[in-house]
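Input: a single structure, listed below in structure tokens.
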Amino acid sequence: MEIKNIGEARRWSAEKMQKVGLFASDRFFCDIYCLEPGQSQKAHSHENADKVYVVLEGQGRFQVGADEQTLTEKQAVLAPANLEHAVFNDGPARLVVLTFLAGDYPH
């Protein structure tokens, strides 16, 4: 059984958002994203793969398609396949997001 400690896996950089891989297979990955205030993940989409964002710490603004919403700890949002999505930490504190992506996607 593979176990990861999310608190210990977190890492930070003043230059850009940090993406930390926790688990991966041919059909799935699970990462944590660590964003300092002012950092973001640019808008993008995944063909044939759905993505879920779960806020673990802080709060962030999430874009899914044309919609934007600020989420706080213990809230989650789905970005369906082929729909553009992004994350913005425009608040004063660090943001930690657990992400899951499942489906057919390039490695």
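Lettering and numbering for the structure tokens are positional, with chains as A, B, ... in the shown order, residues counted from 1 in each chain, and ligands counted from 1 in the shown order.
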
Each residue of range 4-56 of chain A lying at most 9 Å from range 75-95 of chain A should get a row with its shortest atom-to-atom pair and the distance in Å to one decimal, counting only C-alpha atoms; could you produce that, ordered by chain and increasing number, as CSV?
residue,atom,partner,partner_atom,distance
A:Tyr33,CA,A:Leu95,CA,7.9
A:Cys34,CA,A:Leu95,CA,5.9
A:Leu35,CA,A:Leu95,CA,5.1
A:Glu36,CA,A:Arg94,CA,4.8
A:Pro37,CA,A:Asn89,CA,5.4
A:Gly38,CA,A:Asp90,CA,5.2
A:Gln39,CA,A:Asn89,CA,5.6
A:Ser40,CA,A:Phe88,CA,4.3
A:Gln41,CA,A:Val87,CA,5.1
A:Lys42,CA,A:Ala86,CA,5.5
A:Ala43,CA,A:Ala86,CA,4.4
A:His44,CA,A:Glu84,CA,5.0
A:Ser45,CA,A:Glu84,CA,4.5
A:His46,CA,A:Asn82,CA,5.3
A:Glu47,CA,A:Asn82,CA,4.8
A:Asn48,CA,A:Ala81,CA,5.1
A:Ala49,CA,A:Ala81,CA,4.7
A:Asp50,CA,A:Pro80,CA,4.6
A:Lys51,CA,A:Ala79,CA,5.1
A:Val52,CA,A:Leu78,CA,4.6
A:Tyr53,CA,A:Val77,CA,5.4
A:Val54,CA,A:Ala76,CA,4.2
A:Val55,CA,A:Gln75,CA,5.7
A:Leu56,CA,A:Leu95,CA,7.7

Export, as an mmCIF file, in the first residue's frame, the selected residues with N, CA, C and O atoms.
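Contents of the output file selection38.cif:
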data_model
loop_
_atom_site.group_PDB
_atom_site.id
_atom_site.type_symbol
_atom_site.label_atom_id
_atom_site.label_comp_id
_atom_site.auth_asym_id
_atom_site.auth_seq_id
_atom_site.Cartn_x
_atom_site.Cartn_y
_atom_site.Cartn_z
ATOM 1 N N TYR A 33 -1.413 21.140 -5.622
ATOM 2 C CA TYR A 33 -0.904 22.386 -6.171
ATOM 3 C C TYR A 33 -0.719 23.336 -4.991
ATOM 4 O O TYR A 33 -1.622 23.504 -4.173
ATOM 5 N N CYS A 34 0.441 23.961 -4.930
ATOM 6 C CA CYS A 34 0.776 24.893 -3.857
ATOM 7 C C CYS A 34 0.999 26.260 -4.490
ATOM 8 O O CYS A 34 1.959 26.447 -5.243
ATOM 9 N N LEU A 35 0.114 27.188 -4.186
ATOM 10 C CA LEU A 35 0.166 28.515 -4.800
ATOM 11 C C LEU A 35 0.384 29.589 -3.741
ATOM 12 O O LEU A 35 -0.393 29.688 -2.779
ATOM 13 N N GLU A 36 1.424 30.373 -3.931
ATOM 14 C CA GLU A 36 1.639 31.554 -3.103
ATOM 15 C C GLU A 36 0.633 32.626 -3.545
ATOM 16 O O GLU A 36 0.091 32.550 -4.663
ATOM 17 N N PRO A 37 0.374 33.635 -2.706
ATOM 18 C CA PRO A 37 -0.501 34.732 -3.141
ATOM 19 C C PRO A 37 -0.003 35.329 -4.457
ATOM 20 O O PRO A 37 1.206 35.518 -4.656
ATOM 21 N N GLY A 38 -0.935 35.552 -5.374
ATOM 22 C CA GLY A 38 -0.608 36.123 -6.674
ATOM 23 C C GLY A 38 -0.293 35.098 -7.750
ATOM 24 O O GLY A 38 -0.221 35.441 -8.922
ATOM 25 N N GLN A 39 -0.120 33.832 -7.397
ATOM 26 C CA GLN A 39 0.181 32.800 -8.392
ATOM 27 C C GLN A 39 -1.099 32.204 -8.964
ATOM 28 O O GLN A 39 -2.173 32.293 -8.367
ATOM 29 N N SER A 40 -0.963 31.563 -10.126
ATOM 30 C CA SER A 40 -2.129 30.960 -10.778
ATOM 31 C C SER A 40 -1.691 29.785 -11.645
ATOM 32 O O SER A 40 -0.509 29.597 -11.919
ATOM 33 N N GLN A 41 -2.677 29.024 -12.040
ATOM 34 C CA GLN A 41 -2.498 27.993 -13.067
ATOM 35 C C GLN A 41 -3.244 28.510 -14.281
ATOM 36 O O GLN A 41 -4.445 28.785 -14.191
ATOM 37 N N LYS A 42 -2.548 28.652 -15.410
ATOM 38 C CA LYS A 42 -3.183 29.243 -16.582
ATOM 39 C C LYS A 42 -4.333 28.370 -17.085
ATOM 40 O O LYS A 42 -4.363 27.158 -16.868
ATOM 41 N N ALA A 43 -5.251 29.003 -17.770
ATOM 42 C CA ALA A 43 -6.410 28.308 -18.315
ATOM 43 C C ALA A 43 -5.966 27.269 -19.336
ATOM 44 O O ALA A 43 -5.086 27.534 -20.159
ATOM 45 N N HIS A 44 -6.553 26.082 -19.241
ATOM 46 C CA HIS A 44 -6.237 24.976 -20.139
ATOM 47 C C HIS A 44 -7.385 23.979 -20.078
ATOM 48 O O HIS A 44 -8.306 24.121 -19.286
ATOM 49 N N SER A 45 -7.345 22.966 -20.905
ATOM 50 C CA SER A 45 -8.362 21.911 -20.873
ATOM 51 C C SER A 45 -7.687 20.569 -21.128
ATOM 52 O O SER A 45 -6.548 20.511 -21.576
ATOM 53 N N HIS A 46 -8.409 19.512 -20.798
ATOM 54 C CA HIS A 46 -7.924 18.152 -21.019
ATOM 55 C C HIS A 46 -8.935 17.429 -21.900
ATOM 56 O O HIS A 46 -10.099 17.289 -21.523
ATOM 57 N N GLU A 47 -8.475 16.977 -23.042
ATOM 58 C CA GLU A 47 -9.349 16.233 -23.936
ATOM 59 C C GLU A 47 -9.618 14.855 -23.324
ATOM 60 O O GLU A 47 -8.686 14.144 -22.950
ATOM 61 N N ASN A 48 -10.879 14.512 -23.176
ATOM 62 C CA ASN A 48 -11.302 13.191 -22.694
ATOM 63 C C ASN A 48 -10.856 12.875 -21.268
ATOM 64 O O ASN A 48 -10.663 11.714 -20.925
ATOM 65 N N ALA A 49 -10.667 13.892 -20.423
ATOM 66 C CA ALA A 49 -10.287 13.659 -19.027
ATOM 67 C C ALA A 49 -10.958 14.699 -18.137
ATOM 68 O O ALA A 49 -10.933 15.891 -18.442
ATOM 69 N N ASP A 50 -11.569 14.237 -17.067
ATOM 70 C CA ASP A 50 -12.208 15.110 -16.088
ATOM 71 C C ASP A 50 -11.233 15.429 -14.959
ATOM 72 O O ASP A 50 -10.413 14.591 -14.576
ATOM 73 N N LYS A 51 -11.362 16.629 -14.399
ATOM 74 C CA LYS A 51 -10.480 17.049 -13.312
ATOM 75 C C LYS A 51 -11.322 17.560 -12.153
ATOM 76 O O LYS A 51 -12.318 18.251 -12.362
ATOM 77 N N VAL A 52 -10.901 17.211 -10.940
ATOM 78 C CA VAL A 52 -11.549 17.703 -9.727
ATOM 79 C C VAL A 52 -10.511 18.468 -8.920
ATOM 80 O O VAL A 52 -9.375 18.003 -8.757
ATOM 81 N N TYR A 53 -10.894 19.652 -8.435
ATOM 82 C CA TYR A 53 -10.076 20.448 -7.531
ATOM 83 C C TYR A 53 -10.734 20.442 -6.154
ATOM 84 O O TYR A 53 -11.937 20.687 -6.049
ATOM 85 N N VAL A 54 -9.952 20.193 -5.097
ATOM 86 C CA VAL A 54 -10.438 20.232 -3.714
ATOM 87 C C VAL A 54 -9.530 21.180 -2.936
ATOM 88 O O VAL A 54 -8.307 20.970 -2.892
ATOM 89 N N VAL A 55 -10.096 22.210 -2.320
ATOM 90 C CA VAL A 55 -9.305 23.160 -1.551
ATOM 91 C C VAL A 55 -8.996 22.557 -0.182
ATOM 92 O O VAL A 55 -9.904 22.237 0.587
ATOM 93 N N LEU A 56 -7.707 22.385 0.104
ATOM 94 C CA LEU A 56 -7.268 21.864 1.401
ATOM 95 C C LEU A 56 -6.936 22.986 2.376
ATOM 96 O O LEU A 56 -7.205 22.864 3.570
#

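Comparing A:Leu98, A:Lys74, A:Gln63, A:Gly103 by their smallest distance to Ile32 in chain A, the closest is A:Leu98 (using only C-alpha atoms).
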
If you run DSSP over the backbone, which residues in range 38-98 of chain A end up strand (DSSP E)? Put them as an NGL selection string. :A and (40-44 or 49-57 or 59-64 or 67-72 or 76-79 or 85-88 or 95-98)

Contacts of Arg27 in chain A at 8 Å (only C-alpha atoms; same-chain gap of 2+ positions) as a PyMOL selection string: chain A and resi 24-25+29+102-105
